[in-house]
>>> print(open('my_file-v3.tsv').read())   # TSV, C-alpha atoms and all ligand atoms
chain	number	residue	atom	x	y	z
A	1	MET	CA	-66.75	24.05	5.46
A	2	PRO	CA	-69.12	25.79	3.00
A	3	ALA	CA	-71.94	25.34	5.52
A	4	VAL	CA	-69.91	27.15	8.19
A	5	ALA	CA	-69.02	30.00	5.83
A	6	SER	CA	-72.64	30.40	4.79
A	7	CYS	CA	-73.73	30.46	8.41
A	8	CYS	CA	-71.13	33.11	9.29
A	9	LEU	CA	-72.13	35.22	6.31
A	10	LYS	CA	-75.76	35.02	7.33
A	11	ARG	CA	-74.95	36.11	10.88
A	12	PHE	CA	-72.78	38.96	9.59
A	13	THR	CA	-75.54	40.14	7.24
A	14	LEU	CA	-78.02	40.00	10.11
A	15	PHE	CA	-75.62	42.06	12.22
A	16	LEU	CA	-75.32	44.71	9.49
A	17	MET	CA	-79.08	44.83	9.11
A	18	ASN	CA	-79.50	45.34	12.82
A	19	THR	CA	-76.82	47.97	13.32
A	20	HIS	CA	-79.00	50.86	12.24
A	21	ASP	CA	-81.88	49.64	14.41
A	22	PHE	CA	-79.58	49.32	17.41
A	23	ASP	CA	-78.50	52.95	17.02
A	24	ALA	CA	-82.14	54.05	16.98
A	25	MET	CA	-82.84	51.91	20.06
A	26	LEU	CA	-79.81	53.33	21.85
A	27	ALA	CA	-81.07	56.87	21.15
A	28	VAL	CA	-84.11	56.09	23.33
A	29	ALA	CA	-81.86	54.88	26.19
A	30	ILE	CA	-79.67	58.00	25.81
A	31	ASN	CA	-82.78	60.17	26.03
A	32	GLU	CA	-83.59	58.43	29.33
A	33	ALA	CA	-80.02	59.06	30.56
A	34	ARG	CA	-80.45	62.77	29.73
A	35	LYS	CA	-83.75	62.86	31.64
A	36	GLY	CA	-81.93	61.39	34.65
A	37	LEU	CA	-79.19	64.01	34.39
A	38	ALA	CA	-81.80	66.80	34.24
A	39	GLU	CA	-83.29	65.41	37.47
A	40	GLY	CA	-79.88	65.59	39.15
A	41	GLY	CA	-79.28	61.86	38.82
A	42	ILE	CA	-76.66	59.57	37.29
A	43	PRO	CA	-77.06	59.65	33.48
A	44	ILE	CA	-77.56	55.97	32.71
A	45	GLY	CA	-80.63	54.99	30.72
A	46	ALA	CA	-82.12	51.80	29.33
A	47	ALA	CA	-84.92	50.68	27.07
A	48	ILE	CA	-86.48	47.33	26.20
A	49	PHE	CA	-87.60	46.64	22.64
A	50	ARG	CA	-89.20	43.89	20.62
A	51	ARG	CA	-87.17	42.70	17.64
A	52	ASP	CA	-89.43	44.66	15.28
A	53	GLY	CA	-88.39	47.87	17.07
A	54	THR	CA	-91.50	48.31	19.25
A	55	LEU	CA	-90.63	49.97	22.55
A	56	VAL	CA	-91.81	47.91	25.54
A	57	GLY	CA	-90.48	50.12	28.33
A	58	SER	CA	-87.71	52.55	29.21
A	59	GLY	CA	-86.21	54.07	32.32
A	60	HIS	CA	-83.13	55.51	33.99
A	61	ASN	CA	-81.00	55.24	37.08
A	62	ARG	CA	-82.86	56.75	40.06
A	63	ARG	CA	-80.35	56.22	42.87
A	64	VAL	CA	-80.20	59.93	43.68
A	65	GLN	CA	-83.78	60.88	42.80
A	66	ASP	CA	-85.50	58.08	44.76
A	67	ASN	CA	-82.73	57.45	47.32
A	68	ASP	CA	-82.84	53.90	45.95
A	69	PRO	CA	-79.60	52.06	45.14
A	70	SER	CA	-81.57	49.23	43.50
A	71	SER	CA	-83.01	51.51	40.83
A	72	HIS	CA	-80.64	51.12	37.90
A	73	GLY	CA	-81.40	52.06	34.27
A	74	GLU	CA	-82.11	48.43	33.40
A	75	THR	CA	-84.29	47.71	36.44
A	76	ASP	CA	-86.27	50.92	35.91
A	77	ALA	CA	-86.89	50.05	32.24
A	78	PHE	CA	-87.75	46.48	33.29
A	79	ARG	CA	-90.33	47.66	35.84
A	80	ASN	CA	-91.83	50.14	33.38
A	81	ALA	CA	-92.19	47.34	30.82
A	82	GLY	CA	-94.57	45.53	33.19
A	83	ARG	CA	-95.27	41.82	33.04
A	84	GLN	CA	-94.11	40.07	29.88
A	85	ARG	CA	-94.92	36.53	28.86
A	86	SER	CA	-91.37	35.95	27.60
A	87	TYR	CA	-88.12	37.87	27.35
A	88	ARG	CA	-86.47	35.61	24.77
A	89	ASP	CA	-87.13	37.92	21.87
A	90	LEU	CA	-86.86	41.20	23.75
A	91	ILE	CA	-83.73	43.33	23.52
A	92	MET	CA	-82.27	45.04	26.57
A	93	VAL	CA	-80.63	48.28	25.47
A	94	THR	CA	-78.55	50.22	27.96
A	95	THR	CA	-76.21	53.21	27.75
A	96	LEU	CA	-73.60	51.48	29.92
A	97	ALA	CA	-72.48	47.86	30.27
A	98	PRO	CA	-74.76	46.19	32.84
A	99	CYS	CA	-73.47	45.67	36.38
A	100	TRP	CA	-73.60	42.23	38.04
A	101	TYR	CA	-77.04	42.96	39.47
A	102	CYS	CA	-78.46	43.83	36.04
A	103	THR	CA	-76.54	41.00	34.37
A	104	GLY	CA	-78.37	38.78	36.86
A	105	LEU	CA	-81.70	40.30	35.83
A	106	ILE	CA	-80.90	39.63	32.16
A	107	ARG	CA	-80.02	36.02	32.99
A	108	GLN	CA	-82.94	35.47	35.37
A	109	PHE	CA	-85.67	36.64	33.02
A	110	GLY	CA	-84.23	35.07	29.90
A	111	PHE	CA	-83.21	37.98	27.72
A	112	ARG	CA	-80.85	36.77	25.00
A	113	THR	CA	-79.81	40.02	23.34
A	114	VAL	CA	-78.18	43.02	25.00
A	115	VAL	CA	-77.19	46.26	23.25
A	116	ILE	CA	-74.69	48.40	25.14
A	117	GLY	CA	-73.87	52.05	24.49
A	118	GLU	CA	-70.38	51.67	25.89
A	119	SER	CA	-68.24	49.49	28.15
A	120	GLN	CA	-65.20	51.80	28.35
A	121	THR	CA	-66.28	53.56	31.57
A	122	PHE	CA	-67.41	50.30	33.19
A	123	GLU	CA	-67.42	46.82	31.69
A	124	GLY	CA	-69.70	45.15	34.24
A	125	GLY	CA	-70.75	41.66	33.27
A	126	ILE	CA	-70.23	41.77	29.49
A	127	HIS	CA	-67.53	39.09	29.43
A	128	TRP	CA	-69.73	36.79	31.47
A	129	LEU	CA	-72.67	37.46	29.14
A	130	ARG	CA	-70.58	36.70	26.04
A	131	GLU	CA	-69.03	33.59	27.56
A	132	ASN	CA	-72.49	32.32	28.41
A	133	GLY	CA	-73.87	32.70	24.92
A	134	PHE	CA	-75.75	35.97	25.17
A	135	GLU	CA	-75.74	38.14	22.05
A	136	VAL	CA	-73.95	41.33	23.12
A	137	HIS	CA	-73.58	44.34	20.83
A	138	ASP	CA	-71.27	47.03	22.21
A	139	LEU	CA	-71.80	50.16	20.10
A	140	GLY	CA	-68.86	52.12	21.56
A	141	SER	CA	-70.92	55.31	21.67
A	142	GLN	CA	-68.88	58.47	22.25
A	143	GLU	CA	-72.10	60.23	23.25
A	144	CYS	CA	-72.61	57.74	26.10
A	145	ILE	CA	-68.96	57.97	27.16
A	146	GLY	CA	-69.13	61.78	27.18
A	147	LEU	CA	-72.45	61.99	29.01
A	148	LEU	CA	-71.45	59.72	31.88
A	149	GLY	CA	-67.83	60.95	31.91
A	150	GLY	CA	-68.98	64.53	32.47
A	151	PHE	CA	-71.10	63.42	35.41
A	152	ILE	CA	-68.28	61.37	36.97
A	153	ARG	CA	-65.87	64.32	36.81
A	154	LYS	CA	-68.42	66.47	38.69
A	155	HIS	CA	-69.63	63.81	41.13
A	156	PRO	CA	-66.95	61.12	41.63
A	157	ASP	CA	-68.43	60.33	45.06
A	158	ILE	CA	-71.88	59.43	43.64
A	159	TRP	CA	-70.29	57.35	40.88
A	160	ASN	CA	-68.13	55.39	43.33
A	161	GLU	CA	-71.23	54.79	45.44
A	162	ASP	CA	-73.06	53.52	42.35
A	163	ILE	CA	-70.38	51.00	41.38
A	164	GLY	CA	-69.77	49.98	44.99
A	165	GLU	CA	-66.22	51.33	45.27
A	166	GLU	CA	-65.26	52.33	48.81
B	201	ZN	ZN	-77.13	47.69	37.14
>>> encode(input="my_file-v3.tsv", output="C-alpha cells")
Amino acid sequence: MPAVASCCLKRFTLFLMNTHDFDAMLAVAINEARKGLAEGGIPIGAAIFRRDGTLVGSGHNRRVQDNDPSSHGETDAFRNAGRQRSYRDLIMVTTLAPCWYCTGLIRQFGFRTVVIGESQTFEGGIHWLRENGFEVHDLGSQECIGLLGGFIRKHPDIWNEDIGEE
C-alpha cells in the first residue's frame, strides 16, 4: 500500500508541476486558432512540444482557407513539425479534443501525451485515448470554448461540415 500511495503522490506532484507549462503550451495553440479565425477559417489550433517546452511545430485548421477537409489543427502542426525520429516524448497540444482522424494520427505516430484546451464543444476521441493509456490533460479553457463557440454561432454550416454532421 505505501508504494501505491507514494506512486500516486509522485504522479500528482508531476501533474502540478506540468500544469503551468501546459497553459503556456496551450497559449501557442490558441494563437494559431486566432490566426485561423483572422484568415476566415475555423478557429482550432495545435502545437507540438518537447517535454522541456521547446516548440517543434504549430498550425491551425485550414479547411476553409485551403479547401482541404484533411487539414485539421493537429495535422497542420504535425506537418509543420517535419520528420521526427520519435513522438514518444512529444506533447500534442490542441485547442479542441481531437477528432477520430487526429486521434488516429496520435496513435499511429506514437504520441503518449495530449493536452486539450476543451472537450465541451466536441469530445472527439478523448475517452478512447484515456482507455488506451494515453496521458490526456483537459484544461477546460473558457477562452477556447468562447473562441470556437463564437465561430459556430456565426457559421453553423461550416462547423457541421467540419465534424461530419449532415
Ligand atoms: Zn482532427
>>> residues_near_ligand(input="my_file-v3.tsv", ligand="ligand ZN 201 (chain B)", cutoff="10 Å", atoms="all atoms listed in the file", output="ChimeraX atom specification")
/A:44,61,69-76,94,96-105,124-125,162-163
>>> closest_residue(input="my_file-v3.tsv", among="A:Ile158, A:Met92, A:Ala77, A:Cys144", to="Ile30 (chain A)", atoms="all atoms listed in the file")
A:Cys144
>>> atom_distance(input="my_file-v3.tsv", atom1="CA of Ala33 (chain A)", atom2="CA of Asp21 (chain A)")
18.8 Å
>>> atom_distance(input="my_file-v3.tsv", atom1="CA of Pro43 (chain A)", atom2="CA of Arg79 (chain A)")
18.0 Å
>>> atom_distance(input="my_file-v3.tsv", atom1="CA of Leu148 (chain A)", atom2="CA of Ile42 (chain A)")
7.5 Å
>>> closest_residue(input="my_file-v3.tsv", among="A:Ala46, A:Ala27, A:Ile106, A:Leu147", to="Tyr87 (chain A)", atoms="all atoms listed in the file")
A:Ile106
>>> residues_near_point(input="my_file-v3.tsv", point="(-74.0, 63.9, 35.5)", cutoff="10 Å", atoms="only C-alpha atoms", output="PyMOL selection string")
chain A and resi 33-34+36-44+146-156+158-159
>>> closest_residue(input="my_file-v3.tsv", among="A:Gly45, A:Gly117, A:Gly164, A:Gly110", to="Leu90 (chain A)", atoms="only C-alpha atoms")
A:Gly110
>>> closest_residue(input="my_file-v3.tsv", among="A:Asp157, A:Asp23, A:Glu135, A:Glu32", to="Asp89 (chain A)", atoms="only C-alpha atoms")
A:Glu135
